[in-house]
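Chemist: Mind having a look at this structure? Questions to follow.
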Amino acid sequence: MKKLVKMLVSSAVVASMAIGLSACSAGGGTGSTQAPTQAAPTEGTTAAAQTEAPVDTGDGLIKVGIINNDPNESGYRTANDRDMKATFTEENGYEASFFYSLKNEDQIAAAQKFIQDEVDYLLISAAGTSGWDSVLQDAKNAGIKVILFDRTIDADESLYEASIVSDMAKEGQTAVDWLASQGLSEYNIIHIQGVMGSSAQIGRSGALDTKVAAEANWNIITQQTGNWSAEEAQQIVQAQIDAGKKFNVIYAENDDMAKGAVQALDKAGISHGVGKDVIIIGFDCNKWALQELLAGNWNYDGQCNPFQASYINDIIKNGAKQKTVIMEEKGFDASKITQADVDQYGI
Amino acid sequence: MATSQNLLQPKQTTGGIVTKIFSKQIVIPLIALMALVLFNLIADPSFFHITLKETNDGYNVLAGNIISVIDYGSELAILAIGMTLVTSSSGGQDISVGATIAIAGSVVMRVLCGENSAPTELQSSIIVAFIVAVIVSMLFGAFNGVLVAYFKIQPMVATLIMFTAGRSIAGWINENKIMNISPECSREFAYFGNNIPGIPVPTPVFIAAACMIIIALVLKFTNLRLYSQSVGINPNSSKLNGINPQTVKLITYVILGVCVAVAGFIKVSRLSTINYSTIGKDIEMDVILAVALGGNPLGGGKFNITASIIGAYVIQMLTTTLTKYDVKSTEIPAYKAIVVIILVVVSAPVVRQKMTQLKKKLTASKVGKEVS
């Protein structure tokens, strides 16, 4: 009897782990697995059961099925999800069902479920780029319009109405252009990169790398990945200070890493911010980061716009004008930012 | 001659003393430490420069690579204490410490910030936040401990649950908000991870020292060492001797929980914010490596916490050294892997046996020569 209980418990544990593991592997190891509101999914086939049950139509509402990544993934995703939920409301004429997963196959299964539910629009932020062709074909055959947001997929353009994305390379370029406009006689840069190979890292590093290669007075003091982590960035900058290296720019590819870098500077008594020794550049426009800008402790923060809902709303109401919509993304200069910007653009 | 048998022999030849020293567990991390120190001395002696610098807040602090090592090594050393005990009693490692640090850190921030992600004043005192974090961490430690002790699940498998779920739980605790305590809100909160004004040595160093003193006292005045070693070596015979293996294992996991809470507290205080997806990432591997580097048998049983703590600082020194020489941070794990390989090979029973045989042969030939 005891043995049986033990066996049951351990198999339950193993089963729950298997789920956790597979969810994690899709999440790129960021550690988040499931949304709090969601029941633990078992396998792809039952994924459809987790979608919030759609109410029947007939009241003139536009039915949308929204497939997104887990809002736990990052502050960006949380802001993105909040924005979607705020836009696709009944007051705005929508009946929205949400599905969250970091697993591509779960998302595809959910898409199939939404097609069966005969939604009018399918909004997808895909976890992976491949495997979507057949389900999108099904959607097309059923007369359902597909709009991709935030992430692109490898599928024929005819299969979707539009895709609304950020241009990470442009984000990097805007920041580098801003930096160039500062007119320093020499740029000695500590470049702290995000997780290598992520689209944000590639885009934001690319612009700087090109500029450094092109200009004689732009030097990279060190180029290290901080893996989006403030702690790692702090240690990288600390090591440079301890080694007595001289630098006047910190180009951190997200706000967390910029914060870690600033912590190391503060400790070493190196001044930073507007009109000070070291220029601090961050990305993502977290509210707290914009407040640092407002206080003049940092110099620049590049936006990665999570607010796609208004673009989607526009496409649904007025039709798509082009296939790929690149969102407008701002870069904030500490000397020009206002409290209103912080409130509006901070995530 | 080289094994513990020679401890029984009163004969103290010169060779005997050497082998005796080398059979001491603590020698392994010390040799590693020496190797790193030597390398840095030769490559660039400025590694050891320590200067007094004025911070932007206007007080003096010590700075330099060595200070960085003992500062950033603090969390590792604290965790190594708990991990050594867990390893000893349960014969396995807790791989969830990084994730539970995220939980402990989130609890601290949640208690301090309340509903507001950027509060203008602290919602409760720092000590309350710390105590709540300790309690929560102990509960998660107990969860792991119960799975290991009562359900007899392999420690690595049991803690894999928290490893995968922990960061999501941390996200729920602070409702996915990025909590941030600004200096305007509380200057004191940052003291624990940085410096107290007027004291040039970083505070984490003192916290780590306090943890070491506490564990030394605990080991001196309780039977924890004896119990966890005997449970680790043979749970059945310790049961026959009146020690409850389950309770002992559970206690060690709860102690690790306390260590995790302290480490998590230092980590959030360092930056006054938390990002649950990156805080303490992969730290469990460094901690386990520290325990291994300390020469502790990873299969349980005898342990030496001092050796683990030295191991922890060696790991941090390795990281700092590599960062100093601009080794890409993506490549640092590869260098750590080399250390692991050397360790594993050296401590493998086959190699040990060969080494003993070699030594025996050498001494035999020596004796033979002397006789002739």
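Chains: A, B, ... in order of the structure tokens. Residues: from 1 per chain. Ligands: from 1, in order shown.
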May I have a table of the residues of chain B lying at most 6 Å from chain A, giving each one's closest pair of atoms and their distance in Å to one decimal, counting only C-alpha atoms, ordered by chain and ascending residue number, as JSON lines?
Modeler:
```
{"residue": "B:Glu54", "atom": "CA", "partner": "A:Gly269", "partner_atom": "CA", "distance": 5.2}
{"residue": "B:Thr55", "atom": "CA", "partner": "A:Gly269", "partner_atom": "CA", "distance": 3.7}
{"residue": "B:Asn56", "atom": "CA", "partner": "A:Gly269", "partner_atom": "CA", "distance": 4.5}
{"residue": "B:Gly64", "atom": "CA", "partner": "A:Asp242", "partner_atom": "CA", "distance": 5.1}
{"residue": "B:Asn65", "atom": "CA", "partner": "A:Asp242", "partner_atom": "CA", "distance": 5.8}
{"residue": "B:Ile161", "atom": "CA", "partner": "A:Met17", "partner_atom": "CA", "distance": 6.0}
{"residue": "B:Thr164", "atom": "CA", "partner": "A:Gly20", "partner_atom": "CA", "distance": 5.9}
{"residue": "B:Arg167", "atom": "CA", "partner": "A:Gly31", "partner_atom": "CA", "distance": 5.4}
{"residue": "B:Ser168", "atom": "CA", "partner": "A:Ser32", "partner_atom": "CA", "distance": 4.8}
{"residue": "B:Ser277", "atom": "CA", "partner": "A:Thr30", "partner_atom": "CA", "distance": 5.6}
{"residue": "B:Thr278", "atom": "CA", "partner": "A:Ser229", "partner_atom": "CA", "distance": 5.4}
{"residue": "B:Lys324", "atom": "CA", "partner": "A:Ala239", "partner_atom": "CA", "distance": 5.3}
{"residue": "B:Lys328", "atom": "CA", "partner": "A:Gln224", "partner_atom": "CA", "distance": 5.6}
{"residue": "B:Ser329", "atom": "CA", "partner": "A:Thr225", "partner_atom": "CA", "distance": 5.9}
```
Chemist: Find the nearest atom pair between each residue of region 181-220 of chain B and region 112-129 of chain B for residues within 9 Å, count only C-alpha atoms, give distances in Å to one decimal, sort rows by chain and ascending number, and present the table as JSON lines.
Modeler:
```
{"residue": "B:Ile181", "atom": "CA", "partner": "B:Ala118", "partner_atom": "CA", "distance": 6.1}
{"residue": "B:Ser182", "atom": "CA", "partner": "B:Ala118", "partner_atom": "CA", "distance": 7.4}
{"residue": "B:Glu184", "atom": "CA", "partner": "B:Thr120", "partner_atom": "CA", "distance": 7.3}
{"residue": "B:Cys185", "atom": "CA", "partner": "B:Glu121", "partner_atom": "CA", "distance": 4.9}
{"residue": "B:Ser186", "atom": "CA", "partner": "B:Glu121", "partner_atom": "CA", "distance": 6.9}
{"residue": "B:Glu188", "atom": "CA", "partner": "B:Ile126", "partner_atom": "CA", "distance": 8.6}
{"residue": "B:Phe189", "atom": "CA", "partner": "B:Ile126", "partner_atom": "CA", "distance": 7.0}
```
Chemist: What does the structure give for the distance between CA of Ile70 (chain B) and CA of Ala104 (chain B), in Å to one decimal?
Modeler: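 Between these atoms lies a distance of 22.4 Å.
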Chemist: Give me, as a count of residues only, all polymer residues having an atom no more than 9 Å from region 131-134 of chain A, counting only C-alpha atoms and skipping those fewer than 5 positions away in the same chain.
Modeler: 10
Chemist: Residues of region 102-291 of chain A in helix (DSSP H, G or I) according to DSSP, as JSON, numbers by chain?
Modeler: {"A": [104, 105, 106, 107, 108, 109, 110, 111, 112, 113, 114, 115, 116, 133, 134, 135, 136, 137, 138, 139, 140, 141, 157, 158, 159, 168, 169, 170, 171, 172, 173, 174, 175, 176, 177, 178, 179, 180, 181, 199, 200, 201, 202, 203, 204, 205, 206, 207, 208, 209, 210, 211, 212, 213, 214, 230, 231, 232, 233, 234, 235, 236, 237, 238, 239, 240, 241, 242, 255, 256, 257, 258, 259, 260, 261, 262, 263, 264, 265, 266, 267, 268, 287, 288, 289, 290, 291]}
Chemist: Can you list, as a short mmCIF file (atom, residue, chain, number, x, y, z; two decimals) with N, CA, C and O atoms, in the first residue's frame, every protein, DNA or RNA residue that comes within 9 Å of Ile103 (chain B) when you count only C-alpha atoms, leaving out same-chain residues fewer than 4 positions away?
Modeler:
```cif
data_model
loop_
_atom_site.label_atom_id
_atom_site.label_comp_id
_atom_site.auth_asym_id
_atom_site.auth_seq_id
_atom_site.Cartn_x
_atom_site.Cartn_y
_atom_site.Cartn_z
N GLY B 98 18.46 29.31 -7.28
CA GLY B 98 18.31 30.53 -8.07
C GLY B 98 16.85 30.97 -8.11
O GLY B 98 16.53 32.14 -7.90
N ALA B 99 15.96 29.99 -8.34
CA ALA B 99 14.54 30.30 -8.44
C ALA B 99 13.97 30.72 -7.09
O ALA B 99 13.15 31.64 -7.00
N VAL B 107 9.43 38.50 -2.32
CA VAL B 107 8.72 38.68 -1.05
C VAL B 107 9.22 39.96 -0.37
O VAL B 107 8.42 40.78 0.09
N VAL B 108 10.55 40.13 -0.33
CA VAL B 108 11.11 41.33 0.30
C VAL B 108 10.52 42.58 -0.35
O VAL B 108 10.00 43.48 0.33
N ALA B 133 10.52 37.12 4.40
CA ALA B 133 11.24 36.41 3.34
C ALA B 133 11.87 35.14 3.90
O ALA B 133 11.86 34.09 3.24
N VAL B 136 9.08 32.54 4.37
CA VAL B 136 8.63 31.99 3.08
C VAL B 136 9.69 31.05 2.51
O VAL B 136 9.39 29.96 2.05
N SER B 137 10.95 31.47 2.57
CA SER B 137 12.03 30.64 2.05
C SER B 137 12.14 29.33 2.80
O SER B 137 12.42 28.28 2.21
N GLY B 166 9.66 28.17 -9.74
CA GLY B 166 10.00 29.23 -8.80
C GLY B 166 9.89 30.64 -9.36
O GLY B 166 9.32 31.52 -8.71
N ARG B 167 10.39 30.84 -10.57
CA ARG B 167 10.42 32.21 -11.10
C ARG B 167 9.02 32.70 -11.46
O ARG B 167 8.73 33.89 -11.38
N SER B 168 8.15 31.76 -11.85
CA SER B 168 6.76 32.16 -12.10
C SER B 168 6.10 32.56 -10.79
O SER B 168 5.36 33.54 -10.73
N ILE B 169 6.37 31.77 -9.75
CA ILE B 169 5.80 32.09 -8.44
C ILE B 169 6.28 33.48 -8.02
O ILE B 169 5.50 34.31 -7.54
N ALA B 170 7.56 33.74 -8.25
CA ALA B 170 8.11 35.06 -7.92
C ALA B 170 7.37 36.15 -8.68
O ALA B 170 7.06 37.21 -8.15
N GLY B 171 7.05 35.86 -9.95
CA GLY B 171 6.31 36.82 -10.77
C GLY B 171 4.93 37.09 -10.20
O GLY B 171 4.48 38.23 -10.16
N ILE B 173 4.03 36.81 -7.08
CA ILE B 173 4.12 37.51 -5.79
C ILE B 173 4.12 39.01 -6.01
O ILE B 173 3.40 39.74 -5.34
N ALA B 261 17.16 32.96 1.67
CA ALA B 261 16.50 34.22 2.02
C ALA B 261 17.53 35.32 2.22
O ALA B 261 17.37 36.44 1.73
N GLY B 264 19.04 36.24 -1.15
CA GLY B 264 18.05 36.97 -1.94
C GLY B 264 17.91 38.39 -1.45
O GLY B 264 17.81 39.34 -2.24
N TYR B 276 12.61 39.17 -11.68
CA TYR B 276 12.56 37.77 -11.24
C TYR B 276 13.07 36.81 -12.30
O TYR B 276 13.41 35.68 -11.99
#
```
Chemist: Provide the CA of Asn141 (chain A) to CA of Ile312 (chain A) distance in Å, to one decimal place.
Modeler: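 Separation between CA of Asn141 (chain A) and CA of Ile312 (chain A): 21.4 Å.
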Chemist: Using only C-alpha atoms, which of the listed residues (B:Thr273, B:Ser89, B:Thr159, B:Ser228) sits closest to Met179 (chain B)?
Modeler: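 The closest residue to Met179 (chain B) is B:Thr273.
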Chemist: For each of B:Ile338, B:Val61, B:Ala290, B:Ala216, take the minimum atom-to-atom distance to Tyr313 (chain B), counting only C-alpha atoms, then give the residue where this is smallest.
Modeler: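 Selected residue with least distance to Tyr313 (chain B): B:Ala290.
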Chemist: One number please: CA of Ile214 (chain B) to CA of Gly145 (chain B), in Å, one decimal.
Modeler: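 Atom-to-atom, CA of Ile214 (chain B) and CA of Gly145 (chain B) are spaced 21.5 Å apart.
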Chemist: If we count only C-alpha atoms, what is near Arg225 (chain B) at a cut-off of 10 Å, once residues fewer than 4 positions away on the same chain are taken out, given as an MDAnalysis selection string?
Modeler: chainID B and resid 85 88:89 218:221 229:231 301:304
Chemist: Could you write out that same residue set with N, CA and C atoms as a compact mmCIF listing (two decimals), in the first residue's frame?
Modeler:
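Writing the result to part_9.txt gives the following:
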```txt
# COMPACT_ATOMS: atom_id res chain seq x y z
N LEU B 85 25.36 21.36 3.68
CA LEU B 85 24.56 20.56 4.61
C LEU B 85 23.59 19.66 3.86
N SER B 88 25.41 16.86 2.25
CA SER B 88 25.84 15.88 3.23
C SER B 88 24.70 14.96 3.65
N SER B 89 23.55 15.53 3.99
CA SER B 89 22.48 14.70 4.56
C SER B 89 21.72 13.92 3.50
N VAL B 218 26.48 26.79 15.52
CA VAL B 218 25.48 25.72 15.44
C VAL B 218 26.18 24.37 15.39
N LEU B 219 27.22 24.27 14.55
CA LEU B 219 27.91 23.00 14.42
C LEU B 219 28.64 22.63 15.70
N LYS B 220 29.08 23.66 16.43
CA LYS B 220 29.83 23.38 17.66
C LYS B 220 28.90 22.92 18.79
N PHE B 221 27.75 23.58 18.87
CA PHE B 221 26.91 23.31 20.04
C PHE B 221 25.74 22.38 19.78
N GLN B 229 25.95 13.89 8.83
CA GLN B 229 26.96 13.00 8.24
C GLN B 229 26.51 11.55 8.33
N SER B 230 25.99 11.17 9.51
CA SER B 230 25.62 9.76 9.65
C SER B 230 24.43 9.42 8.76
N VAL B 231 23.49 10.39 8.64
CA VAL B 231 22.35 10.14 7.75
C VAL B 231 22.83 10.04 6.31
N GLY B 301 27.39 12.45 3.15
CA GLY B 301 28.31 12.00 4.18
C GLY B 301 29.14 13.12 4.73
N LYS B 302 30.44 12.87 4.84
CA LYS B 302 31.31 13.83 5.50
C LYS B 302 31.34 15.17 4.76
N PHE B 303 31.49 16.25 5.53
CA PHE B 303 31.54 17.54 4.87
C PHE B 303 32.45 18.49 5.61
N ASN B 304 32.85 19.52 4.92
CA ASN B 304 33.70 20.56 5.50
C ASN B 304 33.21 21.90 4.96
```
Chemist: Can you work out which one of B:Ala35, B:Ile67, B:Ala209, B:Val260 has the shortest atom-to-atom distance to Met83 (chain B), counting only C-alpha atoms?
Modeler: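 Smallest separation from Met83 (chain B) among the options: B:Val260.
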Chemist: Write out as a list in words the residues lying within 8 Å of Ala200 (chain A), counting only C-alpha atoms and excluding same-chain residues fewer than 6 positions away.
Modeler: Met168, Ala169, Gly194 and Glu253 of chain A
